[in-house]
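Structure data (mmCIF, C-alpha atoms; chains and numbers go by the auth columns) from start_29.cif:
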data_work
loop_
_atom_site.group_PDB
_atom_site.id
_atom_site.type_symbol
_atom_site.label_atom_id
_atom_site.label_comp_id
_atom_site.label_asym_id
_atom_site.label_seq_id
_atom_site.Cartn_x
_atom_site.Cartn_y
_atom_site.Cartn_z
_atom_site.B_iso_or_equiv
_atom_site.auth_seq_id
_atom_site.auth_asym_id
ATOM 1 C CA MET A 1 88.854 120.048 109.278 0.00 1 J
ATOM 2 C CA ARG A 2 88.715 116.503 107.943 0.00 2 J
ATOM 3 C CA VAL A 3 91.033 113.772 109.147 0.00 3 J
ATOM 4 C CA LYS A 4 93.378 113.950 106.148 0.00 4 J
ATOM 5 C CA GLU A 5 93.771 117.716 106.553 0.00 5 J
ATOM 6 C CA VAL A 6 94.524 117.354 110.265 0.00 6 J
ATOM 7 C CA ALA A 7 97.035 114.586 109.598 0.00 7 J
ATOM 8 C CA GLU A 8 98.896 116.724 107.063 0.00 8 J
ATOM 9 C CA LEU A 9 98.789 119.763 109.361 0.00 9 J
ATOM 10 C CA ALA A 10 100.169 117.886 112.371 0.00 10 J
ATOM 11 C CA GLY A 11 102.625 115.715 110.459 0.00 11 J
ATOM 12 C CA ILE A 12 101.116 112.425 111.614 0.00 12 J
ATOM 13 C CA SER A 13 99.328 109.625 109.805 0.00 13 J
ATOM 14 C CA VAL A 14 95.592 109.249 109.274 0.00 14 J
ATOM 15 C CA ARG A 15 95.900 105.828 110.892 0.00 15 J
ATOM 16 C CA THR A 16 97.275 107.485 114.029 0.00 16 J
ATOM 17 C CA LEU A 17 94.273 109.812 114.244 0.00 17 J
ATOM 18 C CA HIS A 18 91.920 106.872 113.732 0.00 18 J
ATOM 19 C CA HIS A 19 93.691 105.067 116.569 0.00 19 J
ATOM 20 C CA TYR A 20 93.391 108.096 118.864 0.00 20 J
ATOM 21 C CA ASP A 21 89.658 108.135 118.134 0.00 21 J
ATOM 22 C CA GLU A 22 89.281 104.399 118.753 0.00 22 J
ATOM 23 C CA ILE A 23 90.931 104.553 122.183 0.00 23 J
ATOM 24 C CA GLY A 24 89.012 107.682 123.195 0.00 24 J
ATOM 25 C CA LEU A 25 92.088 109.898 123.327 0.00 25 J
ATOM 26 C CA LEU A 26 90.962 112.326 120.619 0.00 26 J
ATOM 27 C CA VAL A 27 87.354 111.930 119.524 0.00 27 J
ATOM 28 C CA PRO A 28 86.380 114.374 116.746 0.00 28 J
ATOM 29 C CA ASP A 29 83.549 116.740 117.594 0.00 29 J
ATOM 30 C CA GLY A 30 81.705 116.027 114.366 0.00 30 J
ATOM 31 C CA VAL A 31 80.955 113.382 111.769 0.00 31 J
ATOM 32 C CA THR A 32 79.487 114.038 108.316 0.00 32 J
ATOM 33 C CA GLU A 33 76.515 112.136 106.926 0.00 33 J
ATOM 34 C CA ALA A 34 79.010 110.135 104.881 0.00 34 J
ATOM 35 C CA GLY A 35 80.828 109.139 108.067 0.00 35 J
ATOM 36 C CA TYR A 36 83.883 111.394 107.719 0.00 36 J
ATOM 37 C CA ARG A 37 85.434 112.684 110.931 0.00 37 J
ATOM 38 C CA ILE A 38 85.360 116.468 111.434 0.00 38 J
ATOM 39 C CA TYR A 39 87.827 118.066 113.858 0.00 39 J
ATOM 40 C CA SER A 40 87.020 121.326 115.658 0.00 40 J
ATOM 41 C CA GLU A 41 89.360 124.019 116.975 0.00 41 J
ATOM 42 C CA ARG A 42 89.022 122.401 120.412 0.00 42 J
ATOM 43 C CA ASN A 43 90.085 119.058 118.922 0.00 43 J
ATOM 44 C CA LEU A 44 93.163 120.689 117.393 0.00 44 J
ATOM 45 C CA GLU A 45 94.139 122.201 120.752 0.00 45 J
ATOM 46 C CA THR A 46 93.837 118.768 122.332 0.00 46 J
ATOM 47 C CA LEU A 47 95.890 117.191 119.548 0.00 47 J
ATOM 48 C CA GLN A 48 98.642 119.739 120.060 0.00 48 J
ATOM 49 C CA GLN A 49 98.675 118.886 123.765 0.00 49 J
ATOM 50 C CA ILE A 50 98.867 115.165 122.971 0.00 50 J
ATOM 51 C CA LEU A 51 101.800 115.693 120.623 0.00 51 J
ATOM 52 C CA PHE A 52 103.670 117.727 123.239 0.00 52 J
ATOM 53 C CA PHE A 53 103.245 114.855 125.690 0.00 53 J
ATOM 54 C CA ARG A 54 104.377 112.343 123.043 0.00 54 J
ATOM 55 C CA GLU A 55 107.475 114.431 122.331 0.00 55 J
ATOM 56 C CA LEU A 56 108.369 114.134 126.009 0.00 56 J
ATOM 57 C CA GLY A 57 107.931 110.357 125.954 0.00 57 J
ATOM 58 C CA PHE A 58 104.556 109.894 127.650 0.00 58 J
ATOM 59 C CA PRO A 59 102.626 106.731 126.644 0.00 59 J
ATOM 60 C CA LEU A 60 99.130 107.223 125.216 0.00 60 J
ATOM 61 C CA LYS A 61 97.396 105.626 128.189 0.00 61 J
ATOM 62 C CA ARG A 62 99.030 108.079 130.578 0.00 62 J
ATOM 63 C CA ILE A 63 98.288 111.031 128.274 0.00 63 J
ATOM 64 C CA LYS A 64 94.608 110.088 128.255 0.00 64 J
ATOM 65 C CA GLU A 65 94.558 109.878 132.044 0.00 65 J
ATOM 66 C CA ILE A 66 96.157 113.316 132.314 0.00 66 J
ATOM 67 C CA ILE A 67 94.076 115.279 129.812 0.00 67 J
ATOM 68 C CA THR A 68 90.752 113.746 130.877 0.00 68 J
ATOM 69 C CA ASP A 69 91.371 114.473 134.559 0.00 69 J
ATOM 70 C CA PRO A 70 88.812 117.073 135.739 0.00 70 J
ATOM 71 C CA ASP A 71 91.660 118.975 137.421 0.00 71 J
ATOM 72 C CA PHE A 72 93.791 119.077 134.266 0.00 72 J
ATOM 73 C CA ASP A 73 95.214 122.579 133.756 0.00 73 J
ATOM 74 C CA ARG A 74 96.071 123.056 130.091 0.00 74 J
ATOM 75 C CA LEU A 75 98.059 126.254 130.625 0.00 75 J
ATOM 76 C CA ALA A 76 100.093 124.733 133.450 0.00 76 J
ATOM 77 C CA ALA A 77 100.794 121.698 131.268 0.00 77 J
ATOM 78 C CA LEU A 78 101.964 123.893 128.396 0.00 78 J
ATOM 79 C CA GLU A 79 104.308 125.766 130.720 0.00 79 J
ATOM 80 C CA LEU A 80 105.691 122.471 131.994 0.00 80 J
ATOM 81 C CA HIS A 81 106.241 121.256 128.415 0.00 81 J
ATOM 82 C CA ARG A 82 108.108 124.475 127.668 0.00 82 J
ATOM 83 C CA ASN A 83 110.346 124.150 130.725 0.00 83 J
ATOM 84 C CA MET A 84 111.183 120.520 129.973 0.00 84 J
ATOM 85 C CA LEU A 85 111.999 121.275 126.347 0.00 85 J
ATOM 86 C CA VAL A 86 114.116 124.269 127.328 0.00 86 J
ATOM 87 C CA GLU A 87 116.141 122.010 129.628 0.00 87 J
ATOM 88 C CA ARG A 88 116.579 119.503 126.797 0.00 88 J
ATOM 89 C CA ARG A 89 117.687 122.311 124.474 0.00 89 J
ATOM 90 C CA LYS A 90 120.246 123.550 127.028 0.00 90 J
ATOM 91 C CA ARG A 91 121.762 120.085 127.233 0.00 91 J
ATOM 92 C CA LEU A 92 121.953 119.799 123.450 0.00 92 J
ATOM 93 C CA ASP A 93 123.402 123.316 123.133 0.00 93 J
ATOM 94 C CA ASN A 94 126.137 122.401 125.623 0.00 94 J
ATOM 95 C CA MET A 95 126.984 119.246 123.696 0.00 95 J
ATOM 96 C CA LEU A 96 127.029 121.143 120.387 0.00 96 J
ATOM 97 C CA ALA A 97 129.360 123.760 121.861 0.00 97 J
ATOM 98 C CA THR A 98 131.698 121.004 123.045 0.00 98 J
ATOM 99 C CA LEU A 99 131.551 119.376 119.611 0.00 99 J
ATOM 100 C CA GLU A 100 132.420 122.656 117.866 0.00 100 J
ATOM 101 C CA LYS A 101 135.385 123.193 120.192 0.00 101 J
ATOM 102 C CA THR A 102 136.542 119.626 119.596 0.00 102 J
ATOM 103 C CA ILE A 103 136.443 120.142 115.816 0.00 103 J
ATOM 104 C CA ARG A 104 138.477 123.331 116.139 0.00 104 J
ATOM 105 C CA HIS A 105 140.905 121.548 118.476 0.00 105 J
ATOM 106 C CA ALA A 106 141.297 118.717 115.941 0.00 106 J
ATOM 107 C CA LYS A 107 142.113 121.326 113.269 0.00 107 J
ATOM 108 C CA GLY A 108 144.761 122.856 115.515 0.00 108 J
ATOM 109 C CA GLU A 109 142.891 126.141 115.858 0.00 109 J
ATOM 110 C CA ILE A 110 142.467 126.037 119.655 0.00 110 J
ATOM 111 C CA GLU A 111 143.602 124.058 122.688 0.00 111 J
ATOM 112 C CA MET A 112 141.090 122.237 124.907 0.00 112 J
ATOM 113 C CA SER A 113 141.498 121.223 128.516 0.00 113 J
ATOM 114 C CA VAL A 114 140.520 117.724 129.619 0.00 114 J
ATOM 115 C CA LYS A 115 137.536 119.173 131.461 0.00 115 J
ATOM 116 C CA GLU A 116 136.328 121.090 128.398 0.00 116 J
ATOM 117 C CA ARG A 117 136.307 117.935 126.284 0.00 117 J
ATOM 118 C CA PHE A 118 133.572 116.403 128.435 0.00 118 J
ATOM 119 C CA GLU A 119 131.338 119.393 129.095 0.00 119 J
ATOM 120 C CA GLY A 120 127.717 118.621 128.301 0.00 120 J
ATOM 121 C CA PHE A 121 128.050 114.875 128.813 0.00 121 J
ATOM 122 C CA ASP A 122 126.346 112.963 131.607 0.00 122 J
ATOM 123 C CA PHE A 123 126.653 109.192 131.517 0.00 123 J
ATOM 124 C CA SER A 124 125.863 108.676 135.187 0.00 124 J
ATOM 125 C CA LYS A 125 122.735 106.855 134.000 0.00 125 J
ATOM 126 C CA ASN A 126 122.028 104.576 131.084 0.00 126 J
ATOM 127 C CA PRO A 127 119.943 106.829 128.757 0.00 127 J
ATOM 128 C CA TYR A 128 118.009 103.875 127.355 0.00 128 J
ATOM 129 C CA GLU A 129 117.135 102.575 130.794 0.00 129 J
ATOM 130 C CA GLU A 130 116.110 106.022 132.015 0.00 130 J
ATOM 131 C CA GLU A 131 113.790 106.421 129.034 0.00 131 J
ATOM 132 C CA ALA A 132 112.325 102.952 129.550 0.00 132 J
ATOM 133 C CA ARG A 133 111.670 103.618 133.226 0.00 133 J
ATOM 134 C CA LYS A 134 109.892 106.835 132.355 0.00 134 J
ATOM 135 C CA LEU A 135 107.700 105.127 129.805 0.00 135 J
ATOM 136 C CA TRP A 136 106.905 101.797 131.445 0.00 136 J
ATOM 137 C CA GLY A 137 107.862 102.006 135.102 0.00 137 J
ATOM 138 C CA ASP A 138 110.541 100.570 137.360 0.00 138 J
ATOM 139 C CA GLU A 139 109.008 97.118 137.762 0.00 139 J
ATOM 140 C CA ALA A 140 109.080 96.276 134.060 0.00 140 J
ATOM 141 C CA VAL A 141 112.672 97.505 133.639 0.00 141 J
ATOM 142 C CA ASP A 142 113.903 95.730 136.766 0.00 142 J
ATOM 143 C CA HIS A 143 112.303 92.484 135.556 0.00 143 J
ATOM 144 C CA SER A 144 113.971 92.832 132.174 0.00 144 J
ATOM 145 C CA ASN A 145 117.367 93.633 133.714 0.00 145 J
ATOM 146 C CA ALA A 146 117.132 90.627 136.026 0.00 146 J
ATOM 147 C CA ALA A 147 116.313 88.331 133.105 0.00 147 J
ATOM 148 C CA LEU A 148 119.271 89.623 131.099 0.00 148 J
ATOM 149 C CA ARG A 149 121.686 89.371 134.040 0.00 149 J
ATOM 150 C CA SER A 150 120.764 85.717 134.462 0.00 150 J
ATOM 151 C CA LEU A 151 122.123 84.862 130.992 0.00 151 J
ATOM 152 C CA SER A 152 125.568 83.389 130.499 0.00 152 J
ATOM 153 C CA LYS A 153 127.998 84.881 127.980 0.00 153 J
ATOM 154 C CA GLU A 154 127.078 82.125 125.513 0.00 154 J
ATOM 155 C CA GLU A 155 123.367 82.803 125.970 0.00 155 J
ATOM 156 C CA MET A 156 123.912 86.538 125.504 0.00 156 J
ATOM 157 C CA ALA A 157 125.769 85.842 122.273 0.00 157 J
ATOM 158 C CA GLU A 158 122.919 83.616 121.068 0.00 158 J
ATOM 159 C CA LEU A 159 120.417 86.340 121.950 0.00 159 J
ATOM 160 C CA GLN A 160 122.390 88.910 119.961 0.00 160 J
ATOM 161 C CA ASP A 161 122.484 86.538 116.997 0.00 161 J
ATOM 162 C CA GLU A 162 118.700 86.100 117.211 0.00 162 J
ATOM 163 C CA MET A 163 118.172 89.852 117.323 0.00 163 J
ATOM 164 C CA ASN A 164 120.471 90.452 114.374 0.00 164 J
ATOM 165 C CA ALA A 165 118.718 87.728 112.356 0.00 165 J
ATOM 166 C CA ILE A 166 115.342 89.408 112.910 0.00 166 J
ATOM 167 C CA TYR A 167 116.808 92.815 112.063 0.00 167 J
ATOM 168 C CA ARG A 168 118.136 91.416 108.784 0.00 168 J
ATOM 169 C CA LYS A 169 114.810 89.786 107.991 0.00 169 J
ATOM 170 C CA LEU A 170 112.936 93.023 108.613 0.00 170 J
ATOM 171 C CA ALA A 171 115.524 94.988 106.637 0.00 171 J
ATOM 172 C CA GLY A 172 114.758 92.772 103.658 0.00 172 J
ATOM 173 C CA LEU A 173 111.065 93.629 104.035 0.00 173 J
ATOM 174 C CA ARG A 174 111.394 97.353 104.771 0.00 174 J
ATOM 175 C CA HIS A 175 110.249 98.408 101.302 0.00 175 J
ATOM 176 C CA THR A 176 106.993 96.430 101.615 0.00 176 J
ATOM 177 C CA ALA A 177 103.811 97.491 103.415 0.00 177 J
ATOM 178 C CA PRO A 178 104.178 97.409 107.237 0.00 178 J
ATOM 179 C CA ASP A 179 100.799 95.658 107.490 0.00 179 J
ATOM 180 C CA SER A 180 101.677 92.917 105.015 0.00 180 J
ATOM 181 C CA ASP A 181 101.537 89.324 106.234 0.00 181 J
ATOM 182 C CA GLU A 182 105.308 88.946 105.851 0.00 182 J
ATOM 183 C CA ALA A 183 106.088 92.128 107.772 0.00 183 J
ATOM 184 C CA GLN A 184 103.666 91.281 110.559 0.00 184 J
ATOM 185 C CA ALA A 185 105.047 87.746 110.879 0.00 185 J
ATOM 186 C CA ALA A 186 108.585 89.135 111.215 0.00 186 J
ATOM 187 C CA ILE A 187 107.599 91.844 113.684 0.00 187 J
ATOM 188 C CA GLY A 188 105.763 89.146 115.621 0.00 188 J
ATOM 189 C CA GLU A 189 109.093 87.362 116.036 0.00 189 J
ATOM 190 C CA TRP A 190 110.539 90.599 117.414 0.00 190 J
ATOM 191 C CA TYR A 191 107.637 90.945 119.856 0.00 191 J
ATOM 192 C CA ASN A 192 108.024 87.357 121.062 0.00 192 J
ATOM 193 C CA LEU A 193 111.747 87.834 121.593 0.00 193 J
ATOM 194 C CA LEU A 194 111.161 90.963 123.696 0.00 194 J
ATOM 195 C CA GLN A 195 108.515 89.176 125.742 0.00 195 J
ATOM 196 C CA ARG A 196 111.187 86.795 127.009 0.00 196 J
ATOM 197 C CA PHE A 197 112.710 89.677 128.959 0.00 197 J
ATOM 198 C CA GLY A 198 109.710 91.769 129.885 0.00 198 J
ATOM 199 C CA SER A 199 105.954 92.079 129.686 0.00 199 J
ATOM 200 C CA TYR A 200 105.175 94.413 126.813 0.00 200 J
ATOM 201 C CA SER A 201 101.590 95.595 126.529 0.00 201 J
ATOM 202 C CA PRO A 202 100.417 96.606 123.038 0.00 202 J
ATOM 203 C CA GLU A 203 100.863 100.259 124.016 0.00 203 J
ATOM 204 C CA ALA A 204 104.359 99.664 125.395 0.00 204 J
ATOM 205 C CA PHE A 205 105.318 97.833 122.187 0.00 205 J
ATOM 206 C CA ARG A 206 103.969 100.729 120.127 0.00 206 J
ATOM 207 C CA GLY A 207 105.860 103.213 122.301 0.00 207 J
ATOM 208 C CA LEU A 208 109.091 101.290 121.875 0.00 208 J
ATOM 209 C CA GLY A 209 108.676 101.422 118.090 0.00 209 J
ATOM 210 C CA GLN A 210 108.149 105.178 118.257 0.00 210 J
ATOM 211 C CA MET A 211 111.329 105.501 120.327 0.00 211 J
ATOM 212 C CA TYR A 212 113.254 103.754 117.544 0.00 212 J
ATOM 213 C CA VAL A 213 112.582 106.859 115.434 0.00 213 J
ATOM 214 C CA ASP A 214 112.453 109.591 118.066 0.00 214 J
ATOM 215 C CA ASP A 215 115.776 108.653 119.663 0.00 215 J
ATOM 216 C CA GLU A 216 118.625 109.033 117.179 0.00 216 J
ATOM 217 C CA ARG A 217 120.721 106.520 119.141 0.00 217 J
ATOM 218 C CA PHE A 218 118.217 103.787 118.373 0.00 218 J
ATOM 219 C CA THR A 219 117.764 104.956 114.784 0.00 219 J
ATOM 220 C CA LYS A 220 121.497 104.928 114.113 0.00 220 J
ATOM 221 C CA ASN A 221 121.960 101.406 115.465 0.00 221 J
ATOM 222 C CA ILE A 222 118.904 99.904 113.768 0.00 222 J
ATOM 223 C CA ASP A 223 119.482 101.583 110.408 0.00 223 J
ATOM 224 C CA LYS A 224 122.893 99.896 110.230 0.00 224 J
ATOM 225 C CA PHE A 225 120.934 96.927 108.904 0.00 225 J
ATOM 226 C CA GLY A 226 119.252 99.048 106.224 0.00 226 J
ATOM 227 C CA GLU A 227 118.393 102.712 105.847 0.00 227 J
ATOM 228 C CA GLY A 228 114.825 103.369 106.928 0.00 228 J
ATOM 229 C CA LEU A 229 114.543 100.173 108.981 0.00 229 J
ATOM 230 C CA ALA A 230 113.793 102.014 112.241 0.00 230 J
ATOM 231 C CA ALA A 231 110.828 103.842 110.663 0.00 231 J
ATOM 232 C CA PHE A 232 109.586 100.625 109.079 0.00 232 J
ATOM 233 C CA MET A 233 109.762 98.808 112.419 0.00 233 J
ATOM 234 C CA ARG A 234 107.879 101.649 114.115 0.00 234 J
ATOM 235 C CA ASP A 235 105.059 101.398 111.584 0.00 235 J
ATOM 236 C CA ALA A 236 104.954 97.592 111.667 0.00 236 J
ATOM 237 C CA MET A 237 104.973 97.578 115.483 0.00 237 J
ATOM 238 C CA ALA A 238 102.085 100.061 115.548 0.00 238 J
ATOM 239 C CA VAL A 239 100.040 97.791 113.263 0.00 239 J
ATOM 240 C CA TYR A 240 100.915 94.768 115.388 0.00 240 J
ATOM 241 C CA ALA A 241 99.840 96.639 118.542 0.00 241 J
ATOM 242 C CA ASP A 242 96.575 97.688 116.887 0.00 242 J
ATOM 243 C CA ARG A 243 95.785 94.087 115.982 0.00 243 J
ATOM 244 C CA MET A 244 96.539 92.891 119.498 0.00 244 J
ATOM 245 C CA GLN A 245 94.062 95.439 120.834 0.00 245 J
ATOM 246 C CA ALA A 246 91.379 94.665 118.255 0.00 246 J
#
As structure tokens, what does this structure read like?
Amino acid sequence: MRVKEVAELAGISVRTLHHYDEIGLLVPDGVTEAGYRIYSERNLETLQQILFFRELGFPLKRIKEIITDPDFDRLAALELHRNMLVERRKRLDNMLATLEKTIRHAKGEIEMSVKERFEGFDFSKNPYEEEARKLWGDEAVDHSNAALRSLSKEEMAELQDEMNAIYRKLAGLRHTAPDSDEAQAAIGEWYNLLQRFGSYSPEAFRGLGQMYVDDERFTKNIDKFGEGLAAFMRDAMAVYADRMQA
């Protein structure tokens, strides 16, 4: 299959497949005389594995390390993916059941106990921080937390104003091409702001952009500035990361 066909089949962009090839994560088994990439059945199996890992929040660098390890067991990995996704589904099913009961309670159809109202919730950990630790490690998150804790209330307010200003600027550009000069200049401001509180590699920056779309909590907050902003930022951040790695 050619790259466009694979992209449409997997629901990803051609640019993403090109990037996977460039970093050695998914190198197509064939190339035509005209230079077009040709993907084999083995390539498609590998791509599926990559996408399962991405769904679970693994960064590309770590995925490459895993699937190129001589001891990598594809079947064992697939079973692990299944188990992790089943656990995620259980948690979501519990929350949906609680939501349905709450709706019926609000309509006066049933009575709910205090305990029932909070079944399925677990806020013992900050979900954003947990995700960040999984993606980029404890050291990076601890450094960022320490930098934020050192700010005064006035400095925190100024930081929030800066963030909101960049969000609004990007929202005004969200209908333009993510790789345009204007979009890249604005996303560069976002990158520089984040660098004040952490050390984001190109891959970490790209992963953060993907999280803006994959995690509905991020999407909801970002899209308050303009519908589709989270997806636009993801695409612009991916381009910015590509250019940093070029």
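Of the listed residues J:Asn94, J:Glu55, J:Ser113, J:Ala157, the one whose atoms come nearest to Asp215 of chain J is J:Glu55, with distances taken using only C-alpha atoms.
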Q: Please provide the set of residues having any atom within 8 Å of Val27 of chain J, restricted to only C-alpha atoms, with same-chain residues fewer than 6 positions apart removed, written as a ChimeraX atom specification.
A: /J:20-21,43
Q: Enumerate, as a PyMOL selection string, the residues matched when the PyMOL selection byres ((chain J and resi 191) around 10) is run on the file above.
A: chain J and resi 185-190+192-196+200+202+205+237+240-241
Expansion of the PyMOL selection byres ((chain J and resi 6) around 12) into residues, as a tab-separated table (two decimals) with C-alpha atoms, in the frame of the given file:
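File written: out.tsv
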chain	number	residue	atom	x	y	z
J	1	MET	CA	88.85	120.05	109.28
J	2	ARG	CA	88.72	116.50	107.94
J	3	VAL	CA	91.03	113.77	109.15
J	4	LYS	CA	93.38	113.95	106.15
J	5	GLU	CA	93.77	117.72	106.55
J	7	ALA	CA	97.04	114.59	109.60
J	8	GLU	CA	98.90	116.72	107.06
J	9	LEU	CA	98.79	119.76	109.36
J	10	ALA	CA	100.17	117.89	112.37
J	11	GLY	CA	102.62	115.72	110.46
J	12	ILE	CA	101.12	112.42	111.61
J	13	SER	CA	99.33	109.62	109.80
J	14	VAL	CA	95.59	109.25	109.27
J	15	ARG	CA	95.90	105.83	110.89
J	16	THR	CA	97.28	107.48	114.03
J	17	LEU	CA	94.27	109.81	114.24
J	18	HIS	CA	91.92	106.87	113.73
J	28	PRO	CA	86.38	114.37	116.75
J	37	ARG	CA	85.43	112.68	110.93
J	38	ILE	CA	85.36	116.47	111.43
J	39	TYR	CA	87.83	118.07	113.86
J	40	SER	CA	87.02	121.33	115.66
J	41	GLU	CA	89.36	124.02	116.98
J	43	ASN	CA	90.08	119.06	118.92
J	44	LEU	CA	93.16	120.69	117.39
J	45	GLU	CA	94.14	122.20	120.75
J	47	LEU	CA	95.89	117.19	119.55
J	48	GLN	CA	98.64	119.74	120.06
Q | Non-local contacts of Met233 of chain J (12 Å; all atoms listed in the file; under 4 positions in same chain excluded) as a ChimeraX atom specification | A | /J:166-179,183-184,186-188,190-191,205-213,218-219,222-223,225-229,237-241
Would you mind completing segment 45-65 of chain J to N, CA and C atoms and writing the output as a PDB file, in the frame of the given file?
ATOM      1  N   GLU J  45      93.418 121.832 119.531  1.00  0.00           N
ATOM      2  CA  GLU J  45      94.139 122.201 120.752  1.00  0.00           C
ATOM      3  C   GLU J  45      94.522 120.942 121.536  1.00  0.00           C
ATOM      4  N   THR J  46      93.569 120.020 121.613  1.00  0.00           N
ATOM      5  CA  THR J  46      93.837 118.768 122.332  1.00  0.00           C
ATOM      6  C   THR J  46      94.927 117.962 121.636  1.00  0.00           C
ATOM      7  N   LEU J  47      94.875 117.927 120.306  1.00  0.00           N
ATOM      8  CA  LEU J  47      95.890 117.191 119.548  1.00  0.00           C
ATOM      9  C   LEU J  47      97.267 117.780 119.783  1.00  0.00           C
ATOM     10  N   GLN J  48      97.348 119.097 119.797  1.00  0.00           N
ATOM     11  CA  GLN J  48      98.642 119.739 120.060  1.00  0.00           C
ATOM     12  C   GLN J  48      99.171 119.313 121.429  1.00  0.00           C
ATOM     13  N   GLN J  49      98.277 119.290 122.423  1.00  0.00           N
ATOM     14  CA  GLN J  49      98.675 118.886 123.765  1.00  0.00           C
ATOM     15  C   GLN J  49      99.178 117.439 123.772  1.00  0.00           C
ATOM     16  N   ILE J  50      98.471 116.579 123.058  1.00  0.00           N
ATOM     17  CA  ILE J  50      98.867 115.165 122.971  1.00  0.00           C
ATOM     18  C   ILE J  50     100.260 115.037 122.370  1.00  0.00           C
ATOM     19  N   LEU J  51     100.515 115.791 121.306  1.00  0.00           N
ATOM     20  CA  LEU J  51     101.800 115.693 120.623  1.00  0.00           C
ATOM     21  C   LEU J  51     102.941 116.228 121.477  1.00  0.00           C
ATOM     22  N   PHE J  52     102.650 117.258 122.307  1.00  0.00           N
ATOM     23  CA  PHE J  52     103.670 117.727 123.239  1.00  0.00           C
ATOM     24  C   PHE J  52     104.025 116.623 124.227  1.00  0.00           C
ATOM     25  N   PHE J  53     103.004 115.954 124.756  1.00  0.00           N
ATOM     26  CA  PHE J  53     103.245 114.855 125.690  1.00  0.00           C
ATOM     27  C   PHE J  53     104.025 113.727 125.014  1.00  0.00           C
ATOM     28  N   ARG J  54     103.674 113.410 123.763  1.00  0.00           N
ATOM     29  CA  ARG J  54     104.377 112.343 123.043  1.00  0.00           C
ATOM     30  C   ARG J  54     105.842 112.708 122.833  1.00  0.00           C
ATOM     31  N   GLU J  55     106.103 113.972 122.537  1.00  0.00           N
ATOM     32  CA  GLU J  55     107.475 114.431 122.331  1.00  0.00           C
ATOM     33  C   GLU J  55     108.313 114.220 123.589  1.00  0.00           C
ATOM     34  N   LEU J  56     107.669 114.306 124.745  1.00  0.00           N
ATOM     35  CA  LEU J  56     108.369 114.134 126.009  1.00  0.00           C
ATOM     36  C   LEU J  56     108.368 112.691 126.482  1.00  0.00           C
ATOM     37  N   GLY J  57     107.823 111.773 125.662  1.00  0.00           N
ATOM     38  CA  GLY J  57     107.931 110.357 125.954  1.00  0.00           C
ATOM     39  C   GLY J  57     106.796 109.745 126.748  1.00  0.00           C
ATOM     40  N   PHE J  58     105.670 110.455 126.901  1.00  0.00           N
ATOM     41  CA  PHE J  58     104.556 109.894 127.650  1.00  0.00           C
ATOM     42  C   PHE J  58     103.803 108.864 126.803  1.00  0.00           C
ATOM     43  N   PRO J  59     103.439 107.708 127.374  1.00  0.00           N
ATOM     44  CA  PRO J  59     102.626 106.731 126.644  1.00  0.00           C
ATOM     45  C   PRO J  59     101.193 107.228 126.513  1.00  0.00           C
ATOM     46  N   LEU J  60     100.485 106.738 125.491  1.00  0.00           N
ATOM     47  CA  LEU J  60      99.130 107.223 125.216  1.00  0.00           C
ATOM     48  C   LEU J  60      98.176 107.030 126.391  1.00  0.00           C
ATOM     49  N   LYS J  61      98.298 105.892 127.064  1.00  0.00           N
ATOM     50  CA  LYS J  61      97.396 105.626 128.189  1.00  0.00           C
ATOM     51  C   LYS J  61      97.544 106.694 129.258  1.00  0.00           C
ATOM     52  N   ARG J  62      98.789 107.066 129.552  1.00  0.00           N
ATOM     53  CA  ARG J  62      99.030 108.079 130.578  1.00  0.00           C
ATOM     54  C   ARG J  62      98.550 109.451 130.105  1.00  0.00           C
ATOM     55  N   ILE J  63      98.750 109.752 128.815  1.00  0.00           N
ATOM     56  CA  ILE J  63      98.288 111.031 128.274  1.00  0.00           C
ATOM     57  C   ILE J  63      96.773 111.151 128.437  1.00  0.00           C
ATOM     58  N   LYS J  64      96.066 110.073 128.125  1.00  0.00           N
ATOM     59  CA  LYS J  64      94.608 110.088 128.255  1.00  0.00           C
ATOM     60  C   LYS J  64      94.196 110.339 129.700  1.00  0.00           C
ATOM     61  N   GLU J  65      94.871 109.686 130.633  1.00  0.00           N
ATOM     62  CA  GLU J  65      94.558 109.878 132.044  1.00  0.00           C
ATOM     63  C   GLU J  65      94.766 111.332 132.452  1.00  0.00           C
TER      64      GLU J  65
END
